[in-house]
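This is upload-v3.cif (mmCIF, C-alpha atoms).
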data_coords
loop_
_atom_site.label_atom_id
_atom_site.label_comp_id
_atom_site.auth_asym_id
_atom_site.auth_seq_id
_atom_site.Cartn_x
_atom_site.Cartn_y
_atom_site.Cartn_z
CA MET A 1 8.30 -76.88 -31.03
CA ILE A 2 5.47 -77.32 -28.56
CA ASN A 3 1.99 -78.03 -30.02
CA GLY A 4 3.03 -76.48 -33.30
CA VAL A 5 4.39 -73.28 -31.73
CA SER A 6 8.08 -72.51 -31.75
CA ARG A 7 10.22 -72.66 -28.62
CA GLY A 8 8.98 -70.12 -26.10
CA GLY A 9 5.32 -70.77 -26.94
CA ALA A 10 4.73 -72.56 -23.63
CA ALA A 11 6.03 -69.56 -21.71
CA LEU A 12 3.83 -67.25 -23.75
CA GLU A 13 0.79 -69.48 -23.26
CA ARG A 14 1.20 -69.22 -19.51
CA GLN A 15 0.64 -65.48 -19.83
CA TRP A 16 -2.95 -66.13 -20.98
CA ASN A 17 -4.30 -67.31 -17.64
CA PHE A 18 -5.86 -65.56 -14.68
CA GLY A 19 -2.70 -65.85 -12.65
CA ALA A 20 -0.98 -63.49 -15.09
CA ILE A 21 -3.53 -60.67 -14.63
CA ARG A 22 -2.03 -57.45 -13.30
CA TRP A 23 -5.00 -55.88 -11.54
CA THR A 24 -3.28 -52.58 -10.82
CA ARG A 25 -2.80 -52.09 -14.54
CA VAL A 26 -6.36 -53.21 -15.27
CA LEU A 27 -7.75 -50.56 -12.92
CA ARG A 28 -5.28 -47.92 -14.02
CA TYR A 29 -6.50 -48.00 -17.60
CA GLN A 30 -10.20 -47.57 -16.82
CA ASP A 31 -11.99 -44.39 -17.85
CA TRP A 32 -12.42 -42.93 -14.37
CA VAL A 33 -13.34 -39.51 -15.80
CA ASN A 34 -16.40 -41.09 -17.40
CA LEU A 35 -17.29 -42.70 -14.07
CA LEU A 36 -17.04 -39.31 -12.36
CA LEU A 37 -19.25 -37.85 -15.08
CA THR A 38 -21.87 -40.51 -14.36
CA ILE A 39 -21.68 -39.79 -10.63
CA GLY A 40 -22.12 -36.09 -11.31
CA PHE A 41 -25.10 -36.81 -13.53
CA VAL A 42 -26.69 -38.97 -10.85
CA VAL A 43 -26.14 -36.26 -8.21
CA GLY A 44 -27.86 -33.77 -10.48
CA LEU A 45 -30.80 -36.12 -10.97
CA LEU A 46 -31.05 -36.69 -7.21
CA VAL A 47 -31.20 -32.95 -6.61
CA ALA A 48 -33.89 -32.58 -9.26
CA ASP A 49 -35.81 -35.53 -7.81
CA SER A 50 -35.76 -34.11 -4.27
CA ALA A 51 -36.93 -30.73 -5.52
CA GLN A 52 -40.08 -32.01 -7.21
CA ALA A 53 -43.18 -33.77 -5.95
CA THR A 54 -45.19 -36.32 -7.89
CA TYR A 55 -47.49 -34.53 -10.30
CA VAL A 56 -51.17 -35.24 -9.56
CA ARG A 57 -53.30 -35.44 -12.68
CA PRO A 58 -57.09 -35.15 -12.83
CA TYR A 59 -58.94 -38.39 -13.44
CA TRP A 60 -62.48 -39.62 -13.89
CA ILE A 61 -63.92 -42.66 -12.15
CA TYR A 62 -65.52 -43.81 -15.41
CA ASP A 63 -62.14 -43.94 -17.20
CA ALA A 64 -61.89 -47.55 -18.41
CA THR A 65 -58.12 -47.33 -18.96
CA ILE A 66 -57.49 -47.11 -15.20
CA SER A 67 -60.21 -49.54 -14.13
CA PHE A 68 -58.28 -52.82 -14.21
CA PRO A 69 -58.04 -55.10 -11.13
CA TYR A 70 -55.20 -54.55 -8.71
CA ASN A 71 -52.53 -57.26 -8.62
CA ALA A 72 -50.10 -57.00 -5.71
CA ASP A 73 -47.58 -59.40 -7.27
CA SER A 74 -45.57 -59.11 -10.46
CA THR A 75 -45.04 -62.00 -12.84
CA ILE A 76 -41.39 -60.98 -13.13
CA PRO A 77 -39.99 -59.14 -10.06
CA TYR A 78 -37.82 -56.10 -10.62
CA TRP A 79 -34.68 -57.82 -9.35
CA VAL A 80 -35.07 -60.47 -12.06
CA ALA A 81 -35.38 -57.71 -14.68
CA VAL A 82 -32.01 -56.41 -13.43
CA VAL A 83 -29.99 -59.55 -12.66
CA VAL A 84 -30.78 -61.74 -15.69
CA PRO A 85 -29.98 -59.19 -18.44
CA LEU A 86 -26.97 -58.00 -16.44
CA VAL A 87 -25.59 -61.54 -16.34
CA LEU A 88 -26.26 -62.00 -20.07
CA MET A 89 -24.47 -58.74 -20.79
CA LEU A 90 -21.46 -59.85 -18.72
CA ILE A 91 -21.37 -63.15 -20.60
CA SER A 92 -21.23 -61.15 -23.83
CA PHE A 93 -18.18 -59.25 -22.58
CA LEU A 94 -16.40 -62.36 -21.33
CA VAL A 95 -16.91 -64.24 -24.59
CA GLY A 96 -16.10 -61.24 -26.74
CA GLU A 97 -12.91 -60.20 -24.95
CA LEU A 98 -11.46 -63.35 -23.38
CA LEU A 99 -12.30 -65.81 -26.16
CA LEU A 100 -12.97 -64.16 -29.52
CA ALA A 101 -10.49 -61.31 -29.15
CA GLN A 102 -7.42 -63.28 -28.11
CA HIS A 103 -5.99 -62.45 -31.53
CA TRP A 104 -6.53 -58.76 -30.75
CA HIS A 105 -5.35 -58.43 -27.16
CA GLY A 106 -1.65 -58.80 -26.50
CA THR A 107 -2.10 -59.88 -22.87
CA ILE A 108 -4.81 -61.21 -20.63
CA SER A 109 -4.53 -58.00 -18.58
CA SER A 110 -5.63 -56.08 -21.67
CA ALA A 111 -8.58 -58.45 -22.22
CA VAL A 112 -9.72 -58.25 -18.59
CA ALA A 113 -9.33 -54.46 -18.67
CA SER A 114 -11.71 -54.41 -21.66
CA VAL A 115 -14.25 -56.56 -19.78
CA VAL A 116 -14.11 -54.23 -16.77
CA PHE A 117 -14.28 -51.18 -19.06
CA PHE A 118 -17.47 -52.30 -20.83
CA THR A 119 -18.99 -53.50 -17.54
CA PHE A 120 -18.50 -50.10 -15.92
CA ASP A 121 -19.91 -48.41 -19.01
CA GLY A 122 -22.98 -50.66 -19.18
CA ILE A 123 -23.73 -50.20 -15.48
CA SER A 124 -23.32 -46.43 -15.90
CA ALA A 125 -25.93 -46.54 -18.66
CA PHE A 126 -28.23 -48.51 -16.34
CA ILE A 127 -27.83 -45.99 -13.49
CA VAL A 128 -28.55 -43.03 -15.73
CA THR A 129 -31.56 -44.82 -17.21
CA GLY A 130 -32.95 -45.67 -13.78
CA PHE A 131 -32.79 -42.14 -12.43
CA THR A 132 -34.12 -40.65 -15.66
CA THR A 133 -37.03 -43.09 -15.56
CA GLN A 134 -37.93 -42.24 -11.97
CA ILE A 135 -37.80 -38.47 -12.49
CA THR A 136 -39.99 -38.83 -15.57
CA LYS A 137 -42.48 -40.93 -13.61
CA GLU A 138 -42.82 -38.24 -10.95
CA ALA A 139 -42.95 -35.37 -13.44
CA VAL A 140 -45.66 -36.97 -15.60
CA GLY A 141 -47.75 -38.64 -12.90
CA ARG A 142 -49.65 -40.96 -15.23
CA TYR A 143 -52.01 -43.32 -13.45
CA ARG A 144 -51.46 -47.05 -13.70
CA PRO A 145 -54.18 -49.23 -15.27
CA ASP A 146 -55.19 -50.43 -11.77
CA TRP A 147 -55.41 -46.93 -10.25
CA LEU A 148 -59.11 -47.01 -9.37
CA ALA A 149 -58.71 -50.39 -7.67
CA ARG A 150 -55.89 -48.91 -5.55
CA CYS A 151 -57.66 -45.65 -4.82
CA GLN A 152 -61.23 -46.85 -4.27
CA PRO A 153 -62.57 -43.31 -4.87
CA ALA A 154 -65.47 -42.14 -2.75
CA GLY A 155 -68.79 -41.18 -4.28
CA ASP A 156 -71.40 -42.63 -6.55
CA GLY A 157 -69.83 -43.32 -9.89
CA ALA A 158 -73.21 -43.58 -11.61
CA ASN A 159 -74.01 -39.95 -10.78
CA ALA A 160 -70.52 -38.51 -11.35
CA PRO A 161 -70.74 -35.38 -13.49
CA VAL A 162 -68.99 -35.32 -16.85
CA ALA A 163 -66.87 -32.15 -16.67
CA PHE A 164 -63.82 -31.56 -18.80
CA GLY A 165 -61.01 -29.14 -18.08
CA ARG A 166 -61.24 -29.46 -14.33
CA GLY A 167 -58.17 -29.57 -12.10
CA ALA A 168 -56.81 -32.35 -9.93
CA SER A 169 -58.39 -30.70 -6.89
CA ALA A 170 -61.73 -32.00 -8.14
CA ASN A 171 -60.56 -35.61 -7.95
CA PRO A 172 -62.69 -37.73 -5.63
CA ALA A 173 -61.04 -38.66 -2.34
CA CYS A 174 -59.43 -42.07 -2.10
CA ASN A 175 -60.39 -44.77 0.38
CA PRO A 176 -57.40 -46.96 -0.38
CA VAL A 177 -57.15 -50.63 0.45
CA VAL A 178 -53.41 -50.53 -0.21
CA SER A 179 -50.51 -48.93 1.64
CA ASP A 180 -49.54 -45.30 1.15
CA GLY A 181 -46.48 -46.40 -0.79
CA GLU A 182 -48.52 -48.52 -3.19
CA LEU A 183 -51.01 -45.70 -3.61
CA LYS A 184 -48.20 -43.28 -4.50
CA ASP A 185 -46.77 -45.88 -6.86
CA GLY A 186 -50.09 -45.80 -8.70
CA HIS A 187 -49.06 -42.40 -10.11
CA TRP A 188 -45.88 -43.79 -11.70
CA SER A 189 -47.02 -45.56 -14.84
CA PHE A 190 -45.02 -43.64 -17.47
CA PRO A 191 -42.49 -44.86 -18.47
CA SER A 192 -42.12 -48.47 -17.39
CA GLY A 193 -39.14 -48.96 -15.07
CA HIS A 194 -39.00 -52.69 -15.77
CA SER A 195 -38.96 -51.99 -19.49
CA SER A 196 -36.29 -49.26 -19.45
CA THR A 197 -34.08 -51.33 -17.13
CA VAL A 198 -34.22 -54.59 -19.04
CA PHE A 199 -33.77 -52.88 -22.39
CA VAL A 200 -30.76 -50.80 -21.37
CA PHE A 201 -28.93 -54.02 -20.49
CA ALA A 202 -30.30 -56.06 -23.42
CA VAL A 203 -29.59 -53.43 -26.07
CA TYR A 204 -26.12 -52.69 -24.68
CA GLY A 205 -25.27 -56.40 -24.60
CA ALA A 206 -26.80 -57.16 -28.01
CA ALA A 207 -25.16 -54.16 -29.71
CA TYR A 208 -21.82 -55.11 -28.17
CA CYS A 209 -22.22 -58.65 -29.52
CA LEU A 210 -22.96 -57.37 -33.03
CA TRP A 211 -19.80 -55.28 -32.91
CA ALA A 212 -17.51 -57.79 -31.18
CA PHE A 213 -18.79 -60.98 -32.84
CA TYR A 214 -19.27 -59.80 -36.41
CA HIS A 215 -17.37 -56.53 -36.96
CA ARG A 216 -14.25 -56.23 -34.84
CA VAL A 217 -13.37 -59.89 -35.28
CA LYS A 218 -12.94 -59.30 -39.03
CA GLN A 219 -10.60 -56.35 -38.59
CA GLN A 220 -6.85 -56.70 -38.77
CA PRO A 221 -5.44 -56.71 -35.22
CA PRO A 222 -2.76 -54.16 -34.30
CA GLN A 223 0.63 -54.95 -35.81
CA ARG A 224 2.09 -55.53 -32.34
CA ILE A 225 0.14 -58.81 -32.12
CA TYR A 226 2.11 -61.73 -33.51
CA GLY A 227 0.76 -64.84 -35.21
CA THR A 228 -2.81 -63.64 -35.76
CA ALA A 229 -5.28 -66.50 -35.88
CA THR A 230 -8.42 -67.03 -37.90
CA PRO A 231 -11.34 -65.45 -35.99
CA ILE A 232 -14.13 -67.81 -35.13
CA PHE A 233 -16.73 -65.60 -36.81
CA SER A 234 -14.60 -64.81 -39.87
CA GLY A 235 -15.98 -65.31 -43.31
CA ALA A 236 -16.28 -63.39 -46.53
CA GLY A 237 -14.81 -59.97 -46.16
CA ALA A 238 -12.07 -60.86 -43.68
CA SER A 239 -8.88 -58.92 -44.16
CA PRO A 240 -6.31 -60.55 -46.52
CA GLY A 241 -3.59 -62.38 -44.67
CA TYR A 242 -5.71 -62.52 -41.53
CA GLY A 243 -5.34 -66.07 -40.28
CA PRO A 244 -3.09 -69.11 -40.71
CA GLY A 245 -1.71 -69.22 -44.20
CA GLY A 246 -2.41 -65.57 -44.96
CA ALA A 247 -3.96 -64.41 -48.20
CA SER A 248 -2.92 -67.51 -50.11
CA ALA A 249 -4.93 -69.74 -47.79
CA GLY A 250 -7.97 -67.56 -48.23
CA LYS A 251 -7.70 -67.71 -52.03
CA ALA A 252 -6.87 -71.38 -52.36
CA GLY A 253 -9.01 -72.87 -49.66
CA GLY A 254 -11.92 -70.44 -49.65
CA GLY A 255 -11.71 -70.08 -45.89
CA GLY A 256 -10.77 -73.66 -45.03
CA THR A 257 -12.42 -77.05 -45.40
CA TRP A 258 -16.16 -77.44 -45.58
CA ALA A 259 -16.11 -78.71 -41.97
CA ALA A 260 -14.29 -75.56 -40.81
CA ARG A 261 -16.74 -73.37 -42.69
CA TRP A 262 -19.70 -75.21 -41.19
CA LEU A 263 -18.19 -74.84 -37.73
CA ARG A 264 -17.74 -71.10 -38.21
CA ASP A 265 -21.30 -70.79 -39.48
CA LEU A 266 -22.69 -72.75 -36.53
CA VAL A 267 -20.73 -70.70 -34.02
CA GLY A 268 -21.87 -67.53 -35.77
CA LEU A 269 -25.45 -68.74 -35.59
CA ALA A 270 -25.03 -69.48 -31.88
CA GLY A 271 -23.86 -65.90 -31.35
CA PHE A 272 -26.90 -64.55 -33.18
CA VAL A 273 -29.23 -66.78 -31.16
CA PHE A 274 -27.62 -65.41 -27.99
CA ILE A 275 -28.40 -61.88 -29.18
CA LEU A 276 -32.02 -62.87 -29.85
CA VAL A 277 -32.27 -64.43 -26.38
CA GLN A 278 -31.29 -61.12 -24.77
CA MET A 279 -33.85 -59.17 -26.79
CA ALA A 280 -36.58 -61.80 -26.34
CA PHE A 281 -36.16 -61.79 -22.57
CA ALA A 282 -36.37 -58.00 -22.53
CA TRP A 283 -39.55 -58.04 -24.58
CA GLY A 284 -41.06 -60.74 -22.36
CA VAL A 285 -40.40 -58.68 -19.23
CA ALA A 286 -41.97 -55.62 -20.85
CA ALA A 287 -45.05 -57.55 -22.01
CA SER A 288 -45.55 -59.02 -18.53
CA ARG A 289 -46.15 -55.52 -17.18
CA ILE A 290 -49.26 -55.23 -19.35
CA VAL A 291 -50.48 -58.65 -18.26
CA ASP A 292 -50.02 -57.66 -14.60
CA ASN A 293 -52.08 -54.45 -15.12
CA LYS A 294 -49.08 -52.35 -14.10
CA HIS A 295 -48.58 -50.40 -17.32
CA HIS A 296 -50.28 -49.21 -20.47
CA PRO A 297 -48.74 -50.43 -23.77
CA SER A 298 -47.34 -46.96 -24.47
CA ASP A 299 -45.54 -47.07 -21.12
CA ILE A 300 -43.51 -50.16 -21.97
CA ILE A 301 -42.73 -48.92 -25.48
CA SER A 302 -41.50 -45.61 -24.05
CA GLY A 303 -39.40 -47.44 -21.46
CA ALA A 304 -37.89 -49.65 -24.14
CA VAL A 305 -37.04 -46.65 -26.32
CA LEU A 306 -35.53 -44.77 -23.36
CA GLY A 307 -33.39 -47.70 -22.18
CA GLY A 308 -32.36 -48.70 -25.69
CA ALA A 309 -31.44 -45.14 -26.71
CA ILE A 310 -29.26 -44.57 -23.63
CA ALA A 311 -27.59 -47.97 -24.13
CA LEU A 312 -26.72 -47.14 -27.74
CA LEU A 313 -25.42 -43.69 -26.82
CA TYR A 314 -23.12 -45.17 -24.20
CA LEU A 315 -21.91 -48.06 -26.37
CA ILE A 316 -21.28 -45.94 -29.48
CA ARG A 317 -19.20 -43.64 -27.30
CA ALA A 318 -17.45 -46.56 -25.55
CA VAL A 319 -16.24 -48.47 -28.61
CA PRO A 320 -13.69 -45.88 -29.82
CA ARG A 321 -12.71 -44.98 -26.24
CA HIS A 322 -11.83 -48.57 -25.38
CA ARG A 323 -8.93 -48.41 -27.88
CA ARG A 324 -6.96 -46.71 -25.12
CA LEU A 325 -6.54 -50.17 -23.65
CA ASP A 326 -4.08 -50.96 -26.43
CA GLU A 327 -1.63 -48.93 -24.36
CA LEU A 328 -1.50 -51.90 -22.01
CA ASP A 329 0.62 -53.65 -24.61
CA ASP A 330 2.22 -50.81 -26.56
CA GLY A 331 3.78 -48.44 -24.07
CA ASP A 332 3.58 -50.26 -20.76
CA GLY A 333 4.23 -53.90 -21.50
CA GLU A 334 6.71 -54.43 -18.70
CA GLY A 335 7.91 -57.54 -20.51
CA GLU A 336 4.50 -59.20 -20.56
CA ALA A 337 4.13 -61.38 -23.62
CA GLY A 338 1.09 -61.96 -25.73
CA PRO A 339 -1.04 -65.11 -25.90
CA THR A 340 -0.61 -68.15 -28.04
CA PRO A 341 -2.83 -67.64 -31.12
CA LEU A 342 -6.39 -68.82 -30.57
CA LEU A 343 -6.39 -71.40 -33.36
CA ALA A 344 -2.64 -71.96 -33.68
CA GLY A 345 -1.81 -75.05 -35.65
CA GLU A 346 1.14 -77.11 -36.83
CA GLY A 347 3.81 -75.10 -38.57
CA GLN A 348 2.77 -71.72 -37.12
CA SER A 349 5.80 -70.10 -35.53
CA LEU A 350 6.50 -66.97 -33.55
CA PRO A 351 8.41 -64.05 -34.99
CA SER A 352 12.09 -64.14 -34.15
CA ASP A 353 11.86 -61.21 -31.77
CA ARG A 354 9.27 -63.14 -29.70
CA VAL A 355 11.28 -66.36 -29.26
#

Would you give me this structure, written as structure tokens?
Amino acid sequence: MINGVSRGGAALERQWNFGAIRWTRVLRYQDWVNLLLTIGFVVGLLVADSAQATYVRPYWIYDATISFPYNADSTIPYWVAVVVPLVLMLISFLVGELLLAQHWHGTISSAVASVVFFTFDGISAFIVTGFTTQITKEAVGRYRPDWLARCQPAGDGANAPVAFGRGASANPACNPVVSDGELKDGHWSFPSGHSSTVFVFAVYGAAYCLWAFYHRVKQQPPQRIYGTATPIFSGAGASPGYGPGGASAGKAGGGGTWAARWLRDLVGLAGFVFILVQMAFAWGVAASRIVDNKHHPSDIISGAVLGGAIALLYLIRAVPRHRRLDELDDGDGEGEAGPTPLLAGEGQSLPSDRV
């Protein structure tokens, strides 16, 4: 025996390292039809975007909601709103598939294929959200809170007539102190692009964590996996026989020693804190857009709802579709063995057909 695993365990353990990844198989089992669907959707949005011009709404120079000072800089640049939640989402996938789901995946190729699968799906949700946000901005044409500071409308505001129901042609001419691009951007307040972007990543990553950390990890792995180990986040409700010692251990020991239970609880708490970090960062980015006078509160709420809704739609559709990756181990194993159980201990042996 080697570290409590029967003869052959060392050879199997070597399969759970990056050198054993078969990238051709990882790419072969991706959902390329879904990627083509996303590309087609983006092409359609591009056509719609090119066919429409930004809608120009009427405004009044005494409108206090668009009279805030102009701030050329943003507290949180757009690239930060993209990169940080994207990295947090990727960390969620890596932890969920390569660490917590070792008892589920038969090979590291299967685990990496799952990471790539969810990454493609999350980025697809981001792309669709981005184009939907931009088309909505141009179709609605809502002025930003700092519009008057950008436009510098001509005329005497004190003597401006109060006339309702007039068209945009009656808008006073602008004498802008900003570039043409920044002036055009002043029409794109609804919805917030920062908000929709950061929330599509945060909600996708957080929802994945809730599923991978607290739901899937309690399910019985496929029967093809040998020597299933106790999941890190397991607790009450875990399937009987799921873990070292099977059902008898669960009944007699109540899930292990008090130290093991505390460790599981602490790790579970760490996972929940990580979820809160993703959502808190998203909310902070959204709130900064109000502070910077770039958006009205309803703009950031709408962006959050848009990004969050698209993220949930994509993830809810992705979870059952990712089961196709089990084929990596069922019908196309090519002799590749599964990993050593995550928490294998003394006395845990491999089935005879695996030795």

Residues matched by the PyMOL selection byres ((chain A and resi 190) around 6), written as a list in words:
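Taken on the displayed file, the PyMOL selection byres ((chain A and resi 190) around 6) yields the residues Lys137, Arg142, Trp188, Ser189, Pro191, Ser192 and Asp299 of chain A.
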
Using C-alpha atoms, can you write the selected residues to a file as an mmCIF file, keeping the file's coordinate frame?
data_model
loop_
_atom_site.group_PDB
_atom_site.id
_atom_site.type_symbol
_atom_site.label_atom_id
_atom_site.label_comp_id
_atom_site.auth_asym_id
_atom_site.auth_seq_id
_atom_site.Cartn_x
_atom_site.Cartn_y
_atom_site.Cartn_z
ATOM 1 C CA LYS A 137 -42.480 -40.930 -13.610
ATOM 2 C CA ARG A 142 -49.650 -40.960 -15.230
ATOM 3 C CA TRP A 188 -45.880 -43.790 -11.700
ATOM 4 C CA SER A 189 -47.020 -45.560 -14.840
ATOM 5 C CA PRO A 191 -42.490 -44.860 -18.470
ATOM 6 C CA SER A 192 -42.120 -48.470 -17.390
ATOM 7 C CA ASP A 299 -45.540 -47.070 -21.120
#

A:Ser124, A:Thr136, A:Asn71, A:Thr119: which is nearest Tyr55 in chain A, counting only C-alpha atoms?
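Among the listed residues, the smallest separation from Tyr55 in chain A belongs to A:Thr136.
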
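Evaluated against the shown file, the PyMOL selection byres ((chain A and resi 53) around 12) gives Ala48, Asp49, Ser50, Ala51, Gln52, Thr54, Tyr55, Val56, Gln134, Ile135, Thr136, Lys137, Glu138, Ala139, Val140, Gly141, Lys184, His187 and Trp188 of chain A.
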
So what do you get for CA of Ser110 in chain A versus CA of Leu263 in chain A, distance-wise?
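Separation of CA of Ser110 in chain A and CA of Leu263 in chain A: 27.7 Å.
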
Computed interatomic separation between CA of Val198 in chain A and CA of Ala311 in chain A (Å):
10.7 Å

If you count all atoms listed in the file, the residue of A:Gln30, A:Gln278, A:Ser302, A:Asn293 closest to Ile66 in chain A turns out to be A:Asn293

Please, what distance in Å, to one decimal, runs between CA of Gly268 in chain A and CA of Val95 in chain A?
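Interatomic distance here is 12.7 Å.
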
Long-range neighbours of Ala81 in chain A as a ChimeraX atom specification, 8 Å cut-off, all atoms listed in the file, 2 positions minimum in chain:
/A:76-79,83-85,194,197-198,282,285

Could those residues be written to a file, using C-alpha atoms, as a PDB file, in the coordinates of the input?
ATOM      1  CA  ILE A  76     -41.390 -60.980 -13.130  1.00  0.00           C
ATOM      2  CA  PRO A  77     -39.990 -59.140 -10.060  1.00  0.00           C
ATOM      3  CA  TYR A  78     -37.820 -56.100 -10.620  1.00  0.00           C
ATOM      4  CA  TRP A  79     -34.680 -57.820  -9.350  1.00  0.00           C
ATOM      5  CA  VAL A  83     -29.990 -59.550 -12.660  1.00  0.00           C
ATOM      6  CA  VAL A  84     -30.780 -61.740 -15.690  1.00  0.00           C
ATOM      7  CA  PRO A  85     -29.980 -59.190 -18.440  1.00  0.00           C
ATOM      8  CA  HIS A 194     -39.000 -52.690 -15.770  1.00  0.00           C
ATOM      9  CA  THR A 197     -34.080 -51.330 -17.130  1.00  0.00           C
ATOM     10  CA  VAL A 198     -34.220 -54.590 -19.040  1.00  0.00           C
ATOM     11  CA  ALA A 282     -36.370 -58.000 -22.530  1.00  0.00           C
ATOM     12  CA  VAL A 285     -40.400 -58.680 -19.230  1.00  0.00           C
TER      13      VAL A 285
END
